[in-house]
Amino acid sequence: MNARPKKSFGQHFLHDRRYIERIVSAVAPRAEDFVVEIGPGEGALTLPLLAVAGKLTAIELDTDLIPGLRARAAGVGELHVLHADVLKVDFSALAHSHGVPRLRIVGNLPYYISSPILFHCVEHAAAIQDMHFMLQKEVVDRMAAEPGSKVYGRLSVMLQLACRVEPLFNVPPEAFRPPPKVESSVVRLLPLEPHELHDARPEHVYAVVKAAFGQRRKTLANALKQLLDSDAIRRADVDPKARAETLAPADFVRLAKVYGNP
Ligand code: SAM
């Protein structure tokens, strides 16, 4: 297990057994689950998950890690490795092609693309049973933030419209090789069914949320002026003088509905 970790792939390998065990017991995989791991690396989570679940599909971008991973999994369980960029993997098609309704996704994520991975998973939320991710603590704080908080923003709204966000526990840099510069945190995401994003086109919600938080110090009338005028904002039952950071996720869905049906 001595590959030199590559910075460009965001490789920080988890080596502290206590945190590995805590993640595996939080996931609590069962034999009937279809578990997908994003970024297995050298297998710190893969092997213990495989030992419990019996089978697992892992998506890894770094070719150099794959032979070692396969060798270590031999005799532990049935490991399928997809050599791919996770952002190009269609989770809905993956579930469909294996005849399972929903996937369970796990990953100590590469931090350089953590937000794109989260948005990608939200897009496929209907094909996902749950997610357990290791992320920068600062990202988990933003995901779970409530209106009025300094860190409430785009990520909070988009994630909370699609999932229940449950921060689980923090993990210090020393638990990884090499240690990342920041504190990490494990979070559980449970897709909501049906989720509120379904009430409007997700791209409309995203456009409104992006504009609103792009200028978070301004009133909505100002920040949204390219998309909606004050009357339209009022039609969504939102005060045009309010600021984005005071709105609940559902308010953005109503704004997006008016934006989509002017
Ligand atoms: N799971 C291992 C662990 O906990 O020790 C490795 C975690 S490391 C933080 C992130 C892993 O994601 C690395 O193995 C890296 O090569 C892989 N990775 C980076 N970018 C990726 C991408 N776009 N798609 C799939 N895997 C990726």
# chains A, B, ... in the order shown; residues from 1 in each chain; ligands from 1

call {"tool": "residues_near_ligand", "arguments": {"ligand": "ligand 1", "cutoff": "10 Å", "atoms": "only C-alpha atoms and all ligand atoms", "output": "PDB file with C-alpha atoms, in the first residue's frame"}}
result
ATOM      1  CA  PRO A   5      -0.255   9.883  -3.376  1.00  0.00           C
ATOM      2  CA  LYS A   6      -0.954  12.233  -6.296  1.00  0.00           C
ATOM      3  CA  LYS A   7      -1.932  15.777  -5.478  1.00  0.00           C
ATOM      4  CA  SER A   8      -3.549  16.285  -8.870  1.00  0.00           C
ATOM      5  CA  PHE A   9      -6.083  13.514  -8.094  1.00  0.00           C
ATOM      6  CA  GLY A  10      -6.793  14.874  -4.614  1.00  0.00           C
ATOM      7  CA  GLN A  11      -5.320  11.752  -3.016  1.00  0.00           C
ATOM      8  CA  HIS A  12      -5.308  11.701   0.777  1.00  0.00           C
ATOM      9  CA  PHE A  13      -5.491   8.104   1.932  1.00  0.00           C
ATOM     10  CA  LEU A  14      -7.303   7.349   5.156  1.00  0.00           C
ATOM     11  CA  HIS A  15      -5.164   5.204   7.465  1.00  0.00           C
ATOM     12  CA  ASP A  16      -6.650   5.639  10.946  1.00  0.00           C
ATOM     13  CA  TYR A  19     -12.364   6.457  11.485  1.00  0.00           C
ATOM     14  CA  ILE A  20     -12.502   3.697   8.875  1.00  0.00           C
ATOM     15  CA  GLU A  37     -17.636   3.772  -3.905  1.00  0.00           C
ATOM     16  CA  ILE A  38     -16.265   6.959  -5.435  1.00  0.00           C
ATOM     17  CA  GLY A  39     -12.450   7.081  -5.413  1.00  0.00           C
ATOM     18  CA  PRO A  40     -11.418   3.816  -3.697  1.00  0.00           C
ATOM     19  CA  GLY A  41      -7.717   4.788  -3.774  1.00  0.00           C
ATOM     20  CA  GLU A  42      -5.736   2.007  -2.093  1.00  0.00           C
ATOM     21  CA  GLY A  43      -8.888   0.460  -0.653  1.00  0.00           C
ATOM     22  CA  ALA A  44      -8.979   1.867   2.905  1.00  0.00           C
ATOM     23  CA  LEU A  45     -12.792   1.861   2.837  1.00  0.00           C
ATOM     24  CA  THR A  46     -13.265  -0.557  -0.071  1.00  0.00           C
ATOM     25  CA  ALA A  58     -15.756   1.253  -7.260  1.00  0.00           C
ATOM     26  CA  ILE A  59     -15.120   4.196  -9.587  1.00  0.00           C
ATOM     27  CA  GLU A  60     -11.469   5.243  -9.785  1.00  0.00           C
ATOM     28  CA  LEU A  61      -9.834   7.719 -12.173  1.00  0.00           C
ATOM     29  CA  ASP A  62      -6.187   6.879 -11.407  1.00  0.00           C
ATOM     30  CA  THR A  63      -5.193   3.806 -13.491  1.00  0.00           C
ATOM     31  CA  ASP A  64      -2.068   3.219 -11.380  1.00  0.00           C
ATOM     32  CA  LEU A  65      -4.156   2.312  -8.331  1.00  0.00           C
ATOM     33  CA  ILE A  66      -6.416  -0.247  -9.995  1.00  0.00           C
ATOM     34  CA  LEU A  82     -14.882   1.180 -13.235  1.00  0.00           C
ATOM     35  CA  HIS A  83     -11.948   3.160 -14.557  1.00  0.00           C
ATOM     36  CA  ALA A  84     -13.757   6.461 -15.042  1.00  0.00           C
ATOM     37  CA  ASP A  85     -14.225  10.046 -14.015  1.00  0.00           C
ATOM     38  CA  VAL A  86     -17.132   9.918 -11.562  1.00  0.00           C
ATOM     39  CA  LEU A  87     -18.609  13.078 -13.083  1.00  0.00           C
ATOM     40  CA  LYS A  88     -19.151  11.125 -16.312  1.00  0.00           C
ATOM     41  CA  VAL A  89     -20.834   8.151 -14.645  1.00  0.00           C
ATOM     42  CA  VAL A 106     -19.893   6.043  -0.360  1.00  0.00           C
ATOM     43  CA  GLY A 107     -16.701   8.038  -0.793  1.00  0.00           C
ATOM     44  CA  ASN A 108     -13.809   9.820   0.796  1.00  0.00           C
ATOM     45  CA  LEU A 109     -14.115  12.363  -1.982  1.00  0.00           C
ATOM     46  CA  PRO A 110     -11.328  14.102  -3.904  1.00  0.00           C
ATOM     47  CA  TYR A 111     -11.749  17.595  -2.427  1.00  0.00           C
ATOM     48  CA  TYR A 112     -10.800  19.472  -5.603  1.00  0.00           C
ATOM     49  CA  ILE A 113     -14.115  18.444  -7.206  1.00  0.00           C
ATOM     50  CA  SER A 114     -16.312  17.917  -4.157  1.00  0.00           C
ATOM     51  CA  PRO A 116     -19.335  19.142  -8.787  1.00  0.00           C
ATOM     52  CA  ILE A 117     -19.639  15.583  -7.390  1.00  0.00           C
ATOM     53  CA  MET A 134     -15.968  12.486   3.650  1.00  0.00           C
ATOM     54  CA  LEU A 135     -15.558  16.145   2.710  1.00  0.00           C
ATOM     55  CA  ALA A 175      -6.019  10.429   9.952  1.00  0.00           C
ATOM     56  CA  PHE A 176      -4.860  10.743   6.321  1.00  0.00           C
ATOM     57  CA  ARG A 177      -1.625  10.189   4.387  1.00  0.00           C
ATOM     58  CA  PRO A 178      -0.605  12.845   3.450  1.00  0.00           C
ATOM     59  CA  PRO A 180      -4.877  17.536   4.062  1.00  0.00           C
TER      60      PRO A 180
END

call {"tool": "residues_around", "arguments": {"residues": "range 158-170 of chain A", "least_positions_apart": "3", "cutoff": "6 Å", "atoms": "only C-alpha atoms", "output": "PyMOL selection string"}}
result
chain A and resi 144+155+184-192+195-197

call {"tool": "write_last_selection", "arguments": {"atoms": "N, CA and C atoms", "output": "mmCIF file, in the first residue's frame"}}
result
data_model
loop_
_atom_site.group_PDB
_atom_site.id
_atom_site.type_symbol
_atom_site.label_atom_id
_atom_site.label_comp_id
_atom_site.auth_asym_id
_atom_site.auth_seq_id
_atom_site.Cartn_x
_atom_site.Cartn_y
_atom_site.Cartn_z
ATOM 1 N N ALA A 144 -25.080 21.982 5.433
ATOM 2 C CA ALA A 144 -26.082 21.845 6.487
ATOM 3 C C ALA A 144 -26.576 23.195 7.014
ATOM 4 N N LEU A 155 -24.852 25.945 -2.089
ATOM 5 C CA LEU A 155 -24.723 24.521 -1.768
ATOM 6 C C LEU A 155 -25.802 24.097 -0.752
ATOM 7 N N SER A 184 -11.677 17.555 8.234
ATOM 8 C CA SER A 184 -12.663 16.889 7.383
ATOM 9 C C SER A 184 -13.877 16.481 8.206
ATOM 10 N N SER A 185 -14.907 16.088 7.503
ATOM 11 C CA SER A 185 -16.144 15.723 8.179
ATOM 12 C C SER A 185 -16.886 14.690 7.351
ATOM 13 N N VAL A 186 -17.558 13.763 8.042
ATOM 14 C CA VAL A 186 -18.344 12.749 7.327
ATOM 15 C C VAL A 186 -19.815 13.159 7.404
ATOM 16 N N VAL A 187 -20.482 13.086 6.263
ATOM 17 C CA VAL A 187 -21.881 13.500 6.199
ATOM 18 C C VAL A 187 -22.714 12.411 5.541
ATOM 19 N N ARG A 188 -23.957 12.280 6.022
ATOM 20 C CA ARG A 188 -24.899 11.353 5.377
ATOM 21 C C ARG A 188 -25.947 12.183 4.633
ATOM 22 N N LEU A 189 -26.236 11.800 3.401
ATOM 23 C CA LEU A 189 -27.264 12.487 2.610
ATOM 24 C C LEU A 189 -28.356 11.486 2.259
ATOM 25 N N LEU A 190 -29.586 11.845 2.600
ATOM 26 C CA LEU A 190 -30.717 10.957 2.305
ATOM 27 C C LEU A 190 -31.631 11.662 1.312
ATOM 28 N N PRO A 191 -31.655 11.206 0.057
ATOM 29 C CA PRO A 191 -32.512 11.859 -0.933
ATOM 30 C C PRO A 191 -33.979 11.880 -0.472
ATOM 31 N N LEU A 192 -34.628 13.034 -0.651
ATOM 32 C CA LEU A 192 -36.025 13.187 -0.251
ATOM 33 C C LEU A 192 -36.903 12.695 -1.384
ATOM 34 N N HIS A 195 -38.626 15.010 -3.987
ATOM 35 C CA HIS A 195 -37.913 16.175 -3.461
ATOM 36 C C HIS A 195 -38.440 17.466 -4.080
ATOM 37 N N GLU A 196 -38.273 18.548 -3.301
ATOM 38 C CA GLU A 196 -38.909 19.808 -3.672
ATOM 39 C C GLU A 196 -38.385 20.375 -4.986
ATOM 40 N N LEU A 197 -37.190 19.938 -5.375
ATOM 41 C CA LEU A 197 -36.643 20.413 -6.647
ATOM 42 C C LEU A 197 -37.563 20.021 -7.801
#

call {"tool": "select_by_dssp", "arguments": {"residues": "range 5-74 of chain A", "states": "helix (DSSP H, G or I)", "output": "PyMOL selection string"}}
result
chain A and resi 7-9+17-27+46-53+63-73

call {"tool": "select_by_dssp", "arguments": {"residues": "range 126-199 of chain A", "states": "strand (DSSP E)", "output": "PyMOL selection string"}}
result
chain A and resi 128-136+163-171+176-177+184-191

call {"tool": "residues_around", "arguments": {"residues": "Ile128 in chain A", "least_positions_apart": "6", "cutoff": "9 Å", "atoms": "only C-alpha atoms", "output": "list in words"}}
result
Phe91, Ser92, Ala95, Pro101, Arg102, Leu103, Arg104, Ile105, Cys121, Val122, Leu190 and Pro191 of chain A

call {"tool": "residues_around", "arguments": {"residues": "range 230-245 of chain A", "least_positions_apart": "5", "cutoff": "10 Å", "atoms": "only C-alpha atoms", "output": "ChimeraX atom specification"}}
result
/A:146-154,157,208-225,251-259,262

call {"tool": "write_last_selection", "arguments": {"atoms": "C-alpha atoms", "output": "short mmCIF file (atom, residue, chain, number, x, y, z; two decimals), in the first residue's frame"}}
result
data_model
loop_
_atom_site.label_atom_id
_atom_site.label_comp_id
_atom_site.auth_asym_id
_atom_site.auth_seq_id
_atom_site.Cartn_x
_atom_site.Cartn_y
_atom_site.Cartn_z
CA GLU A 146 -29.70 27.18 7.84
CA PRO A 147 -31.07 30.51 6.57
CA GLY A 148 -29.47 33.43 8.37
CA SER A 149 -26.14 31.67 8.80
CA LYS A 150 -23.05 33.27 7.29
CA VAL A 151 -22.25 30.12 5.33
CA TYR A 152 -25.80 29.53 4.04
CA GLY A 153 -25.63 29.67 0.26
CA ARG A 154 -25.93 27.87 -3.06
CA VAL A 157 -30.14 25.38 -0.86
CA VAL A 208 -32.20 31.87 -9.42
CA VAL A 209 -30.06 30.58 -6.54
CA LYS A 210 -26.85 31.46 -8.35
CA ALA A 211 -27.98 35.02 -9.13
CA ALA A 212 -29.40 35.56 -5.64
CA PHE A 213 -26.22 34.46 -3.82
CA GLY A 214 -23.90 35.95 -6.45
CA GLN A 215 -24.68 39.28 -4.80
CA ARG A 216 -25.76 38.16 -1.35
CA ARG A 217 -25.42 41.63 0.25
CA LYS A 218 -27.96 43.10 -2.17
CA THR A 219 -31.74 42.91 -1.98
CA LEU A 220 -33.36 40.23 -4.15
CA ALA A 221 -34.88 42.97 -6.35
CA ASN A 222 -31.30 44.00 -7.22
CA ALA A 223 -29.61 40.62 -7.30
CA LEU A 224 -32.33 39.03 -9.46
CA LYS A 225 -33.00 41.95 -11.77
CA ASP A 251 -38.76 30.13 -1.41
CA PHE A 252 -36.21 29.60 -4.19
CA VAL A 253 -38.39 26.91 -5.75
CA ARG A 254 -41.35 29.35 -5.92
CA LEU A 255 -39.10 32.01 -7.45
CA ALA A 256 -37.88 29.48 -10.01
CA LYS A 257 -41.48 28.54 -10.88
CA VAL A 258 -42.32 32.19 -11.60
CA TYR A 259 -39.08 32.53 -13.57
CA PRO A 262 -43.39 34.44 -16.58
#

call {"tool": "closest_residue", "arguments": {"among": "A:Val100, A:Ala31, A:Thr246, A:Ala125", "to": "Ala145 in chain A", "atoms": "only C-alpha atoms"}}
result
A:Thr246

call {"tool": "atom_distance", "arguments": {"atom1": "CA of Val140 in chain A", "atom2": "CA of Ala207 in chain A"}}
result
22.3 Å

call {"tool": "atom_distance", "arguments": {"atom1": "CA of Leu47 in chain A", "atom2": "CA of Arg72 in chain A"}}
result
7.7 Å

call {"tool": "atom_distance", "arguments": {"atom1": "CA of Leu69 in chain A", "atom2": "CA of Gln136 in chain A"}}
result
24.8 Å
